$ cat target34.cif   # mmCIF, C-alpha atoms
data_data
#
loop_
_atom_site.group_PDB
_atom_site.id
_atom_site.type_symbol
_atom_site.label_atom_id
_atom_site.label_comp_id
_atom_site.auth_asym_id
_atom_site.auth_seq_id
_atom_site.Cartn_x
_atom_site.Cartn_y
_atom_site.Cartn_z
ATOM 1 C CA MET A 1163 -5.149 -20.414 -38.873
ATOM 2 C CA ARG A 1164 -5.345 -17.487 -41.224
ATOM 3 C CA ARG A 1165 -5.952 -17.578 -44.946
ATOM 4 C CA ARG A 1166 -2.286 -17.531 -45.958
ATOM 5 C CA VAL A 1167 -1.372 -20.569 -43.891
ATOM 6 C CA SER A 1168 -4.312 -22.459 -45.367
ATOM 7 C CA LEU A 1169 -3.101 -21.596 -48.840
ATOM 8 C CA LEU A 1170 0.369 -22.821 -47.969
ATOM 9 C CA LEU A 1171 -0.910 -26.123 -46.664
ATOM 10 C CA ALA A 1172 -3.244 -26.648 -49.570
ATOM 11 C CA ALA A 1173 -1.192 -25.436 -52.469
ATOM 12 C CA LEU A 1174 2.519 -25.573 -51.856
ATOM 13 C CA LEU A 1175 3.263 -29.125 -52.873
ATOM 14 C CA VAL A 1176 6.547 -30.378 -54.240
ATOM 15 C CA VAL A 1177 7.384 -33.593 -56.056
ATOM 16 C CA PRO A 1178 10.810 -35.052 -55.333
ATOM 17 C CA SER A 1179 11.635 -35.851 -58.958
ATOM 18 C CA GLY A 1180 13.079 -33.552 -61.614
ATOM 19 C CA CYS A 1181 9.599 -32.336 -62.444
ATOM 20 C CA GLY A 1182 9.977 -29.652 -59.797
ATOM 21 C CA LEU A 1183 7.089 -27.713 -58.346
ATOM 22 C CA THR A 1184 3.561 -28.749 -59.163
ATOM 23 C CA SER A 1185 1.439 -25.923 -57.803
ATOM 24 C CA GLY A 1186 1.297 -22.561 -56.142
ATOM 25 C CA SER A 1187 -1.080 -19.733 -55.404
ATOM 26 C CA PRO A 1188 -1.089 -16.134 -56.595
ATOM 27 C CA MET A 1189 -0.082 -13.490 -54.089
ATOM 28 C CA VAL A 1190 -2.986 -11.048 -53.969
ATOM 29 C CA ASP A 1191 -1.838 -8.436 -51.484
ATOM 30 C CA ASP A 1192 -3.356 -5.018 -52.083
ATOM 31 C CA VAL A 1193 -0.071 -3.122 -51.978
ATOM 32 C CA ARG A 1194 1.246 -0.055 -53.744
ATOM 33 C CA PRO A 1195 4.755 1.379 -54.049
ATOM 34 C CA GLY A 1196 6.152 3.026 -50.953
ATOM 35 C CA SER A 1197 9.874 3.666 -50.768
ATOM 36 C CA ILE A 1198 10.330 0.844 -53.302
ATOM 37 C CA GLY A 1199 8.605 0.078 -56.587
ATOM 38 C CA ALA A 1200 7.973 3.646 -57.747
ATOM 39 C CA GLY A 1201 6.804 3.650 -61.345
ATOM 40 C CA GLU A 1202 6.079 -0.091 -61.119
ATOM 41 C CA PRO A 1203 9.243 -1.182 -62.976
ATOM 42 C CA LEU A 1204 8.155 -4.835 -62.819
ATOM 43 C CA LYS A 1205 4.757 -4.270 -64.421
ATOM 44 C CA GLY A 1206 4.164 -7.091 -66.899
ATOM 45 C CA ALA A 1207 6.489 -9.482 -65.097
ATOM 46 C CA HIS A 1208 5.184 -12.847 -63.918
ATOM 47 C CA LEU A 1209 7.506 -13.898 -61.109
ATOM 48 C CA THR A 1210 7.493 -17.027 -58.977
ATOM 49 C CA VAL A 1211 8.931 -16.738 -55.477
ATOM 50 C CA THR A 1212 10.035 -19.776 -53.512
ATOM 51 C CA SER A 1213 11.516 -20.591 -50.105
ATOM 52 C CA LYS A 1214 12.304 -23.416 -47.723
ATOM 53 C CA GLU A 1215 9.694 -24.560 -45.230
ATOM 54 C CA PHE A 1216 10.789 -23.026 -41.907
ATOM 55 C CA THR A 1217 9.396 -19.851 -40.393
ATOM 56 C CA GLU A 1218 12.129 -17.390 -41.324
ATOM 57 C CA GLN A 1219 12.132 -18.599 -44.913
ATOM 58 C CA LEU A 1220 8.356 -18.311 -45.186
ATOM 59 C CA ILE A 1221 8.616 -14.725 -43.931
ATOM 60 C CA LEU A 1222 11.480 -13.872 -46.290
ATOM 61 C CA GLY A 1223 9.665 -15.429 -49.240
ATOM 62 C CA ALA A 1224 6.589 -13.369 -48.438
ATOM 63 C CA ILE A 1225 8.671 -10.188 -48.060
ATOM 64 C CA MET A 1226 10.183 -10.762 -51.493
ATOM 65 C CA GLY A 1227 6.823 -11.481 -53.108
ATOM 66 C CA ILE A 1228 5.218 -8.412 -51.540
ATOM 67 C CA ALA A 1229 8.085 -6.234 -52.803
ATOM 68 C CA PHE A 1230 7.670 -7.549 -56.329
ATOM 69 C CA GLN A 1231 3.905 -6.988 -56.222
ATOM 70 C CA ALA A 1232 4.367 -3.380 -55.130
ATOM 71 C CA ALA A 1233 6.652 -2.913 -58.146
ATOM 72 C CA GLY A 1234 3.878 -4.133 -60.453
ATOM 73 C CA ALA A 1235 4.647 -7.830 -60.906
ATOM 74 C CA ASP A 1236 2.174 -10.683 -60.794
ATOM 75 C CA VAL A 1237 3.630 -13.052 -58.211
ATOM 76 C CA LEU A 1238 3.098 -16.767 -57.782
ATOM 77 C CA ASP A 1239 3.728 -18.062 -54.261
ATOM 78 C CA ARG A 1240 5.623 -21.351 -54.189
ATOM 79 C CA THR A 1241 7.178 -20.956 -50.783
ATOM 80 C CA GLY A 1242 7.515 -23.705 -48.209
ATOM 81 C CA ILE A 1243 9.625 -26.337 -49.973
ATOM 82 C CA GLN A 1244 11.021 -28.986 -47.654
ATOM 83 C CA GLY A 1245 14.797 -29.054 -47.312
ATOM 84 C CA SER A 1246 17.407 -26.871 -48.988
ATOM 85 C CA ILE A 1247 17.945 -28.463 -52.381
ATOM 86 C CA GLY A 1248 14.381 -28.172 -53.693
ATOM 87 C CA SER A 1249 14.041 -24.405 -53.620
ATOM 88 C CA ARG A 1250 17.493 -23.871 -55.103
ATOM 89 C CA GLU A 1251 16.847 -26.302 -57.927
ATOM 90 C CA ALA A 1252 13.529 -24.598 -58.636
ATOM 91 C CA VAL A 1253 15.268 -21.236 -59.163
ATOM 92 C CA LYS A 1254 18.097 -22.890 -61.065
ATOM 93 C CA ASN A 1255 15.875 -24.769 -63.521
ATOM 94 C CA GLY A 1256 13.281 -22.034 -63.967
ATOM 95 C CA ASP A 1257 10.401 -23.522 -61.975
ATOM 96 C CA ALA A 1258 10.823 -20.455 -59.768
ATOM 97 C CA ASP A 1259 12.542 -17.125 -60.278
ATOM 98 C CA ALA A 1260 13.773 -15.923 -56.908
ATOM 99 C CA GLN A 1261 14.336 -16.782 -53.271
ATOM 100 C CA TYR A 1262 16.289 -15.728 -50.204
ATOM 101 C CA GLU A 1263 19.210 -18.078 -49.580
ATOM 102 C CA TYR A 1264 22.054 -18.119 -47.082
ATOM 103 C CA THR A 1265 25.662 -17.557 -48.091
ATOM 104 C CA GLY A 1266 26.980 -20.325 -45.856
ATOM 105 C CA THR A 1267 24.566 -22.827 -47.366
ATOM 106 C CA GLY A 1268 25.607 -21.753 -50.846
ATOM 107 C CA TRP A 1269 29.312 -22.006 -50.109
ATOM 108 C CA ILE A 1270 29.307 -25.281 -48.182
ATOM 109 C CA THR A 1271 26.251 -27.289 -49.190
ATOM 110 C CA TYR A 1272 25.763 -26.336 -52.835
ATOM 111 C CA LEU A 1273 29.257 -25.447 -53.976
ATOM 112 C CA GLY A 1274 30.987 -28.190 -52.025
ATOM 113 C CA ASN A 1275 33.549 -26.212 -50.053
ATOM 114 C CA SER A 1276 34.669 -27.643 -46.734
ATOM 115 C CA ARG A 1277 35.918 -24.445 -45.110
ATOM 116 C CA PRO A 1278 33.867 -21.290 -44.657
ATOM 117 C CA ILE A 1279 35.375 -17.910 -45.449
ATOM 118 C CA PRO A 1280 35.397 -16.036 -42.111
ATOM 119 C CA ASP A 1281 34.820 -12.591 -43.607
ATOM 120 C CA PRO A 1282 31.101 -12.413 -44.507
ATOM 121 C CA ARG A 1283 31.599 -10.041 -47.439
ATOM 122 C CA LYS A 1284 34.342 -12.164 -48.963
ATOM 123 C CA GLN A 1285 32.248 -15.276 -48.541
ATOM 124 C CA TRP A 1286 29.348 -13.595 -50.354
ATOM 125 C CA GLU A 1287 31.696 -12.482 -53.145
ATOM 126 C CA ALA A 1288 33.023 -16.019 -53.515
ATOM 127 C CA VAL A 1289 29.540 -17.551 -53.617
ATOM 128 C CA ARG A 1290 28.327 -14.960 -56.103
ATOM 129 C CA ALA A 1291 31.271 -15.527 -58.445
ATOM 130 C CA ALA A 1292 31.047 -19.312 -58.272
ATOM 131 C CA ASP A 1293 27.284 -19.549 -58.740
ATOM 132 C CA LEU A 1294 27.088 -17.366 -61.840
ATOM 133 C CA LYS A 1295 28.088 -20.380 -63.907
ATOM 134 C CA ASN A 1296 25.021 -22.169 -62.515
ATOM 135 C CA GLY A 1297 22.731 -19.470 -63.848
ATOM 136 C CA LEU A 1298 22.132 -17.939 -60.418
ATOM 137 C CA THR A 1299 22.851 -14.360 -59.359
ATOM 138 C CA TRP A 1300 23.343 -13.465 -55.715
ATOM 139 C CA LEU A 1301 22.328 -9.855 -55.116
ATOM 140 C CA GLU A 1302 23.579 -7.723 -52.218
ATOM 141 C CA PRO A 1303 23.436 -9.640 -48.912
ATOM 142 C CA SER A 1304 21.577 -8.633 -45.766
ATOM 143 C CA LYS A 1305 23.068 -8.375 -42.285
ATOM 144 C CA LEU A 1306 20.728 -11.154 -41.175
ATOM 145 C CA ASP A 1307 23.117 -13.964 -40.234
ATOM 146 C CA ASN A 1308 21.110 -17.055 -39.368
ATOM 147 C CA THR A 1309 23.859 -19.395 -38.314
ATOM 148 C CA TYR A 1310 23.691 -22.575 -36.263
ATOM 149 C CA ALA A 1311 24.281 -22.811 -32.523
ATOM 150 C CA LEU A 1312 23.734 -25.173 -29.613
ATOM 151 C CA ALA A 1313 21.568 -24.002 -26.730
ATOM 152 C CA MET A 1314 20.501 -25.368 -23.341
ATOM 153 C CA ASN A 1315 17.894 -24.496 -20.718
ATOM 154 C CA GLN A 1316 18.662 -22.619 -17.507
ATOM 155 C CA ALA A 1317 18.548 -25.726 -15.307
ATOM 156 C CA ASN A 1318 21.163 -27.526 -17.386
ATOM 157 C CA PHE A 1319 23.227 -24.366 -17.614
ATOM 158 C CA LYS A 1320 23.325 -24.195 -13.818
ATOM 159 C CA LYS A 1321 24.213 -27.897 -13.692
ATOM 160 C CA TYR A 1322 26.974 -27.975 -16.310
ATOM 161 C CA GLY A 1323 27.957 -24.323 -16.703
ATOM 162 C CA THR A 1324 29.105 -24.544 -20.315
ATOM 163 C CA ARG A 1325 29.252 -21.317 -22.304
ATOM 164 C CA THR A 1326 31.237 -22.347 -25.397
ATOM 165 C CA LEU A 1327 31.361 -25.280 -27.774
ATOM 166 C CA SER A 1328 34.896 -26.011 -26.562
ATOM 167 C CA GLU A 1329 33.467 -26.463 -23.074
ATOM 168 C CA VAL A 1330 30.752 -28.751 -24.467
ATOM 169 C CA ALA A 1331 33.481 -30.822 -26.129
ATOM 170 C CA ALA A 1332 35.376 -31.037 -22.831
ATOM 171 C CA LEU A 1333 32.188 -32.104 -21.054
ATOM 172 C CA SER A 1334 31.561 -34.812 -23.664
ATOM 173 C CA LYS A 1335 34.987 -36.296 -22.885
ATOM 174 C CA ARG A 1336 34.685 -35.931 -19.138
ATOM 175 C CA ASP A 1337 31.087 -37.148 -18.886
ATOM 176 C CA PRO A 1338 29.907 -38.654 -22.225
ATOM 177 C CA GLY A 1339 26.389 -39.268 -20.951
ATOM 178 C CA ALA A 1340 25.899 -35.608 -20.103
ATOM 179 C CA VAL A 1341 25.948 -34.433 -23.706
ATOM 180 C CA THR A 1342 22.685 -35.380 -25.393
ATOM 181 C CA LEU A 1343 21.628 -33.558 -28.534
ATOM 182 C CA CYS A 1344 18.339 -32.754 -30.231
ATOM 183 C CA VAL A 1345 18.972 -31.870 -33.880
ATOM 184 C CA GLU A 1346 17.297 -31.763 -37.284
ATOM 185 C CA SER A 1347 18.074 -34.590 -39.693
ATOM 186 C CA GLU A 1348 19.677 -32.096 -42.091
ATOM 187 C CA PHE A 1349 21.993 -30.719 -39.408
ATOM 188 C CA ALA A 1350 22.898 -34.261 -38.372
ATOM 189 C CA ASN A 1351 24.287 -34.988 -41.824
ATOM 190 C CA ARG A 1352 25.573 -31.699 -43.261
ATOM 191 C CA ALA A 1353 29.283 -30.916 -43.463
ATOM 192 C CA ASP A 1354 28.530 -27.535 -41.894
ATOM 193 C CA GLY A 1355 26.419 -29.223 -39.228
ATOM 194 C CA LEU A 1356 27.043 -31.850 -36.569
ATOM 195 C CA PRO A 1357 29.763 -33.923 -38.322
ATOM 196 C CA GLY A 1358 31.870 -30.854 -39.048
ATOM 197 C CA MET A 1359 31.290 -29.386 -35.605
ATOM 198 C CA GLU A 1360 32.397 -32.609 -33.915
ATOM 199 C CA LYS A 1361 35.551 -32.695 -36.024
ATOM 200 C CA ALA A 1362 36.394 -29.039 -35.437
ATOM 201 C CA TYR A 1363 35.995 -29.321 -31.673
ATOM 202 C CA GLY A 1364 37.387 -32.820 -31.209
ATOM 203 C CA MET A 1365 34.004 -33.990 -30.015
ATOM 204 C CA SER A 1366 32.507 -37.456 -30.484
ATOM 205 C CA VAL A 1367 28.890 -37.736 -29.411
ATOM 206 C CA PRO A 1368 27.607 -41.345 -29.444
ATOM 207 C CA THR A 1369 24.809 -41.956 -31.919
ATOM 208 C CA LYS A 1370 22.517 -43.054 -29.084
ATOM 209 C CA ASN A 1371 22.890 -39.563 -27.572
ATOM 210 C CA VAL A 1372 21.652 -37.814 -30.729
ATOM 211 C CA THR A 1373 17.910 -37.546 -31.369
ATOM 212 C CA GLN A 1374 16.677 -36.220 -34.694
ATOM 213 C CA MET A 1375 13.425 -34.269 -34.796
ATOM 214 C CA ASP A 1376 11.622 -31.385 -36.497
ATOM 215 C CA THR A 1377 12.900 -27.871 -35.873
ATOM 216 C CA GLY A 1378 10.028 -26.627 -33.739
ATOM 217 C CA ILE A 1379 10.104 -29.630 -31.438
ATOM 218 C CA ILE A 1380 13.786 -29.091 -30.663
ATOM 219 C CA TYR A 1381 13.100 -25.850 -28.816
ATOM 220 C CA THR A 1382 10.396 -27.317 -26.603
ATOM 221 C CA GLN A 1383 12.457 -30.436 -25.865
ATOM 222 C CA VAL A 1384 15.497 -28.387 -24.901
ATOM 223 C CA ALA A 1385 13.382 -26.019 -22.807
ATOM 224 C CA LYS A 1386 12.015 -28.915 -20.735
ATOM 225 C CA GLY A 1387 15.405 -30.659 -20.548
ATOM 226 C CA ALA A 1388 14.652 -33.745 -22.629
ATOM 227 C CA CYS A 1389 18.079 -33.236 -24.175
ATOM 228 C CA THR A 1390 20.956 -31.221 -22.764
ATOM 229 C CA TYR A 1391 21.679 -29.270 -25.941
ATOM 230 C CA GLY A 1392 19.594 -28.485 -28.973
ATOM 231 C CA GLU A 1393 20.463 -27.192 -32.404
ATOM 232 C CA VAL A 1394 19.044 -23.695 -32.768
ATOM 233 C CA PHE A 1395 19.169 -20.875 -35.274
ATOM 234 C CA THR A 1396 20.625 -17.645 -33.936
ATOM 235 C CA THR A 1397 17.760 -15.562 -35.331
ATOM 236 C CA ASP A 1398 14.998 -17.676 -33.775
ATOM 237 C CA GLY A 1399 12.672 -15.742 -31.479
ATOM 238 C CA ARG A 1400 12.135 -18.774 -29.249
ATOM 239 C CA ILE A 1401 15.661 -18.493 -27.820
ATOM 240 C CA LYS A 1402 14.676 -15.360 -25.928
ATOM 241 C CA SER A 1403 11.113 -16.378 -25.140
ATOM 242 C CA MET A 1404 12.247 -19.720 -23.660
ATOM 243 C CA ASN A 1405 15.243 -18.172 -21.876
ATOM 244 C CA LEU A 1406 17.731 -20.547 -23.489
ATOM 245 C CA VAL A 1407 21.500 -20.171 -23.155
ATOM 246 C CA VAL A 1408 23.393 -20.196 -26.464
ATOM 247 C CA MET A 1409 26.872 -21.718 -26.631
ATOM 248 C CA ALA A 1410 29.486 -19.458 -28.226
ATOM 249 C CA ASP A 1411 31.149 -20.847 -31.356
ATOM 250 C CA ASP A 1412 34.589 -19.956 -29.987
ATOM 251 C CA LYS A 1413 36.489 -21.625 -32.847
ATOM 252 C CA LYS A 1414 34.313 -19.888 -35.460
ATOM 253 C CA PHE A 1415 33.373 -23.190 -37.078
ATOM 254 C CA PHE A 1416 29.929 -22.319 -38.349
ATOM 255 C CA PRO A 1417 29.893 -20.262 -41.541
ATOM 256 C CA ASN A 1418 28.243 -16.899 -41.934
ATOM 257 C CA TYR A 1419 24.709 -17.433 -43.184
ATOM 258 C CA ASN A 1420 23.729 -14.036 -44.526
ATOM 259 C CA ALA A 1421 20.289 -14.084 -46.116
ATOM 260 C CA THR A 1422 20.629 -12.940 -49.728
ATOM 261 C CA PRO A 1423 18.249 -12.638 -52.686
ATOM 262 C CA VAL A 1424 19.157 -15.240 -55.317
ATOM 263 C CA ILE A 1425 17.658 -14.678 -58.743
ATOM 264 C CA ASN A 1426 17.596 -16.832 -61.866
ATOM 265 C CA SER A 1427 20.152 -14.992 -64.030
ATOM 266 C CA GLY A 1428 18.008 -15.155 -67.160
ATOM 267 C CA VAL A 1429 15.079 -13.613 -65.327
ATOM 268 C CA LEU A 1430 17.298 -10.895 -63.853
ATOM 269 C CA LYS A 1431 18.589 -10.067 -67.315
ATOM 270 C CA LYS A 1432 15.008 -9.665 -68.546
ATOM 271 C CA TRP A 1433 13.890 -7.745 -65.444
ATOM 272 C CA PRO A 1434 16.988 -5.943 -64.061
ATOM 273 C CA ALA A 1435 14.780 -3.742 -61.872
ATOM 274 C CA ILE A 1436 14.412 -6.744 -59.525
ATOM 275 C CA ALA A 1437 17.709 -5.771 -57.900
ATOM 276 C CA LYS A 1438 16.674 -2.154 -57.340
ATOM 277 C CA VAL A 1439 13.372 -3.271 -55.829
ATOM 278 C CA ILE A 1440 14.621 -5.891 -53.377
ATOM 279 C CA GLU A 1441 18.032 -4.594 -52.284
ATOM 280 C CA PRO A 1442 16.729 -1.747 -50.029
ATOM 281 C CA VAL A 1443 14.581 -4.352 -48.290
ATOM 282 C CA SER A 1444 17.553 -6.648 -47.743
ATOM 283 C CA ALA A 1445 19.535 -3.732 -46.324
ATOM 284 C CA LYS A 1446 17.000 -3.429 -43.466
ATOM 285 C CA LEU A 1447 17.141 -7.098 -42.477
ATOM 286 C CA ASP A 1448 19.319 -8.017 -39.521
ATOM 287 C CA ASN A 1449 19.221 -10.492 -36.627
ATOM 288 C CA SER A 1450 17.146 -8.235 -34.410
ATOM 289 C CA VAL A 1451 14.489 -7.836 -37.098
ATOM 290 C CA ALA A 1452 14.527 -11.563 -37.774
ATOM 291 C CA GLN A 1453 14.155 -12.528 -34.112
ATOM 292 C CA THR A 1454 11.213 -10.159 -33.729
ATOM 293 C CA LEU A 1455 9.427 -11.363 -36.858
ATOM 294 C CA ASN A 1456 10.169 -15.026 -36.213
ATOM 295 C CA ALA A 1457 8.861 -14.743 -32.642
ATOM 296 C CA ARG A 1458 5.556 -13.349 -33.883
ATOM 297 C CA VAL A 1459 5.073 -16.605 -35.770
ATOM 298 C CA ASP A 1460 6.749 -19.208 -33.553
ATOM 299 C CA VAL A 1461 5.823 -17.742 -30.168
ATOM 300 C CA ASN A 1462 2.622 -15.788 -30.840
ATOM 301 C CA GLY A 1463 1.231 -18.087 -33.525
ATOM 302 C CA GLU A 1464 0.757 -15.399 -36.163
ATOM 303 C CA ASP A 1465 0.659 -16.011 -39.912
ATOM 304 C CA PRO A 1466 4.108 -15.576 -41.555
ATOM 305 C CA HIS A 1467 2.703 -13.798 -44.593
ATOM 306 C CA GLN A 1468 0.806 -11.289 -42.460
ATOM 307 C CA VAL A 1469 3.907 -10.720 -40.335
ATOM 308 C CA ALA A 1470 5.885 -9.983 -43.507
ATOM 309 C CA LEU A 1471 3.207 -7.629 -44.813
ATOM 310 C CA ASP A 1472 2.992 -5.749 -41.513
ATOM 311 C CA TRP A 1473 6.763 -5.224 -41.487
ATOM 312 C CA MET A 1474 6.889 -4.102 -45.114
ATOM 313 C CA LYS A 1475 4.206 -1.512 -44.384
ATOM 314 C CA ALA A 1476 5.727 -0.420 -41.072
ATOM 315 C CA GLU A 1477 9.077 0.176 -42.785
ATOM 316 C CA GLY A 1478 7.373 2.186 -45.510
ATOM 317 C CA PHE A 1479 8.481 -0.082 -48.324
ATOM 318 C CA VAL A 1480 4.887 -0.551 -49.470
ATOM 319 C CA LYS A 1481 1.549 1.124 -48.827
#

$ encode --input "target34.cif" --output "structure tokens"
Amino acid sequence: MRRRVSLLLAALLVVPSGCGLTSGSPMVDDVRPGSIGAGEPLKGAHLTVTSKEFTEQLILGAIMGIAFQAAGADVLDRTGIQGSIGSREAVKNGDADAQYEYTGTGWITYLGNSRPIPDPRKQWEAVRAADLKNGLTWLEPSKLDNTYALAMNQANFKKYGTRTLSEVAALSKRDPGAVTLCVESEFANRADGLPGMEKAYGMSVPTKNVTQMDTGIIYTQVAKGACTYGEVFTTDGRIKSMNLVVMADDKKFFPNYNATPVINSGVLKKWPAIAKVIEPVSAKLDNSVAQTLNARVDVNGEDPHQVALDWMKAEGFVK
């Protein structure tokens, strides 16, 4: 594995108590301003970037840190926190300063709403307004919408022929044993995950038919048919590489999950140039970009930080 992955494994440790993050490593990329960061408006800033632990988040965290470095900041890398709550709390309590978060997660998981707002812009506006009181500022969102889906392999698609979640629900009633699921533990328990999906589609999958496992394992298990359907992320590069068939969310249950920079409001007040630096980067992020970058890590085995750096340079954001 490359240097950056070793640093992540060695240094990015989190304690589950209120003490927050215990360590991190400086980002030391030799980057200069390209189309962002001219005049180094963040020179003198000491910023800590965090993220969750899955591939896309590691890439987004690295992208953010690289952008801040190009603008002159010293950046501490505290990416790779397990679960959703840890990274948010770190930004909220000042253990970290910034991260990329998803609007659907903010609206449902953190702010406690049961119904997503179908219009992605309005959902972002609602999250932004509600979270200001928590000391968090959501900057302009990206087009990258990493929502949940169920997917199956080609053999099971030929066998069952389902294309939508409504058809999966009908299959679960007609042939309960046919619908077996591989899911993450978080998805199995979140209101915007399996419980909510079952309720929305009138589906009741027996507990014995649901297997919880790590994200990466789900794709391989679904590909070989160990479970009929697996929870996937719509921006994951493995969907294409493994030739999986994604079920359409025909009732629009799953929220929009637009990746958005979330900044500690106090830090943003001190360093307002953060918004100007990161927002052009966010504007370039969409599902196609995410699938390509994610596949370089999850399919080709490349280092997420290097993938982020290559993209930032290729887009001309940094030199």

$ closest_residue --input "target34.cif" --among "A:Glu1251, A:Glu1441, A:Asp1354, A:Glu1202" --to "Phe1415 (chain A)" --atoms "all atoms listed in the file"
A:Asp1354

$ closest_atom_pairs --input "target34.cif" --of "region 1233-1283 of chain A" --to "region 1303-1307 of chain A" --cutoff "12 Å" --atoms "only C-alpha atoms" --output "JSON lines"
{"residue": "A:Tyr1262", "atom": "CA", "partner": "A:Pro1303", "partner_atom": "CA", "distance": 9.5}
{"residue": "A:Glu1263", "atom": "CA", "partner": "A:Pro1303", "partner_atom": "CA", "distance": 9.5}
{"residue": "A:Tyr1264", "atom": "CA", "partner": "A:Asp1307", "partner_atom": "CA", "distance": 8.1}
{"residue": "A:Thr1265", "atom": "CA", "partner": "A:Pro1303", "partner_atom": "CA", "distance": 8.3}
{"residue": "A:Gly1266", "atom": "CA", "partner": "A:Asp1307", "partner_atom": "CA", "distance": 9.3}
{"residue": "A:Thr1267", "atom": "CA", "partner": "A:Asp1307", "partner_atom": "CA", "distance": 11.5}
{"residue": "A:Pro1282", "atom": "CA", "partner": "A:Asp1307", "partner_atom": "CA", "distance": 9.2}
{"residue": "A:Arg1283", "atom": "CA", "partner": "A:Pro1303", "partner_atom": "CA", "distance": 8.3}

$ residues_around --input "target34.cif" --residues "Phe1479 (chain A)" --least-positions-apart "5" --cutoff "10 Å" --atoms "all atoms listed in the file" --output "JSON list (two decimals) with C-alpha atoms, in the coordinates of the input"
[["chain", "number", "residue", "atom", "x", "y", "z"],
["A", 1193, "VAL", "CA", -0.07, -3.12, -51.98],
["A", 1194, "ARG", "CA", 1.25, -0.06, -53.74],
["A", 1195, "PRO", "CA", 4.76, 1.38, -54.05],
["A", 1196, "GLY", "CA", 6.15, 3.03, -50.95],
["A", 1197, "SER", "CA", 9.87, 3.67, -50.77],
["A", 1198, "ILE", "CA", 10.33, 0.84, -53.30],
["A", 1199, "GLY", "CA", 8.60, 0.08, -56.59],
["A", 1228, "ILE", "CA", 5.22, -8.41, -51.54],
["A", 1229, "ALA", "CA", 8.09, -6.23, -52.80],
["A", 1232, "ALA", "CA", 4.37, -3.38, -55.13],
["A", 1439, "VAL", "CA", 13.37, -3.27, -55.83],
["A", 1440, "ILE", "CA", 14.62, -5.89, -53.38],
["A", 1442, "PRO", "CA", 16.73, -1.75, -50.03],
["A", 1443, "VAL", "CA", 14.58, -4.35, -48.29],
["A", 1471, "LEU", "CA", 3.21, -7.63, -44.81],
["A", 1473, "TRP", "CA", 6.76, -5.22, -41.49],
["A", 1474, "MET", "CA", 6.89, -4.10, -45.11]]

$ closest_residue --input "target34.cif" --among "A:Thr1382, A:Thr1396, A:Asn1426, A:Ser1328" --to "Val1461 (chain A)" --atoms "all atoms listed in the file"
A:Thr1382

$ resolve_selection --input "target34.cif" --expression "the PyMOL selection byres ((chain A and resi 1372-1378) around 7)" --output "PDB file with C-alpha atoms, in the coordinates of the input"
ATOM      1  CA  THR A1342      22.685 -35.380 -25.393  1.00  0.00           C
ATOM      2  CA  LEU A1343      21.628 -33.558 -28.534  1.00  0.00           C
ATOM      3  CA  CYS A1344      18.339 -32.754 -30.231  1.00  0.00           C
ATOM      4  CA  VAL A1345      18.972 -31.870 -33.880  1.00  0.00           C
ATOM      5  CA  GLU A1346      17.297 -31.763 -37.284  1.00  0.00           C
ATOM      6  CA  SER A1347      18.074 -34.590 -39.693  1.00  0.00           C
ATOM      7  CA  THR A1369      24.809 -41.956 -31.919  1.00  0.00           C
ATOM      8  CA  LYS A1370      22.517 -43.054 -29.084  1.00  0.00           C
ATOM      9  CA  ASN A1371      22.890 -39.563 -27.572  1.00  0.00           C
ATOM     10  CA  ILE A1379      10.104 -29.630 -31.438  1.00  0.00           C
ATOM     11  CA  ILE A1380      13.786 -29.091 -30.663  1.00  0.00           C
ATOM     12  CA  TYR A1381      13.100 -25.850 -28.816  1.00  0.00           C
TER      13      TYR A1381
END

$ atom_distance --input "target34.cif" --atom1 "CA of Gln1468 (chain A)" --atom2 "CA of Met1189 (chain A)"
11.9 Å

$ residues_near_point --input "target34.cif" --point "(15.6, -19.4, -34.8)" --cutoff "10 Å" --atoms "all atoms listed in the file" --output "PDB file with C-alpha atoms, in the frame of the given file"
ATOM      1  CA  PHE A1216      10.789 -23.026 -41.907  1.00  0.00           C
ATOM      2  CA  THR A1217       9.396 -19.851 -40.393  1.00  0.00           C
ATOM      3  CA  GLU A1218      12.129 -17.390 -41.324  1.00  0.00           C
ATOM      4  CA  ASN A1308      21.110 -17.055 -39.368  1.00  0.00           C
ATOM      5  CA  THR A1309      23.859 -19.395 -38.314  1.00  0.00           C
ATOM      6  CA  TYR A1310      23.691 -22.575 -36.263  1.00  0.00           C
ATOM      7  CA  ALA A1311      24.281 -22.811 -32.523  1.00  0.00           C
ATOM      8  CA  THR A1377      12.900 -27.871 -35.873  1.00  0.00           C
ATOM      9  CA  GLY A1378      10.028 -26.627 -33.739  1.00  0.00           C
ATOM     10  CA  TYR A1381      13.100 -25.850 -28.816  1.00  0.00           C
ATOM     11  CA  GLU A1393      20.463 -27.192 -32.404  1.00  0.00           C
ATOM     12  CA  VAL A1394      19.044 -23.695 -32.768  1.00  0.00           C
ATOM     13  CA  PHE A1395      19.169 -20.875 -35.274  1.00  0.00           C
ATOM     14  CA  THR A1396      20.625 -17.645 -33.936  1.00  0.00           C
ATOM     15  CA  THR A1397      17.760 -15.562 -35.331  1.00  0.00           C
ATOM     16  CA  ASP A1398      14.998 -17.676 -33.775  1.00  0.00           C
ATOM     17  CA  GLY A1399      12.672 -15.742 -31.479  1.00  0.00           C
ATOM     18  CA  ARG A1400      12.135 -18.774 -29.249  1.00  0.00           C
ATOM     19  CA  ILE A1401      15.661 -18.493 -27.820  1.00  0.00           C
ATOM     20  CA  LYS A1402      14.676 -15.360 -25.928  1.00  0.00           C
ATOM     21  CA  ASN A1449      19.221 -10.492 -36.627  1.00  0.00           C
ATOM     22  CA  ALA A1452      14.527 -11.563 -37.774  1.00  0.00           C
ATOM     23  CA  GLN A1453      14.155 -12.528 -34.112  1.00  0.00           C
ATOM     24  CA  ASN A1456      10.169 -15.026 -36.213  1.00  0.00           C
ATOM     25  CA  ALA A1457       8.861 -14.743 -32.642  1.00  0.00           C
ATOM     26  CA  ASP A1460       6.749 -19.208 -33.553  1.00  0.00           C
TER      27      ASP A1460
END
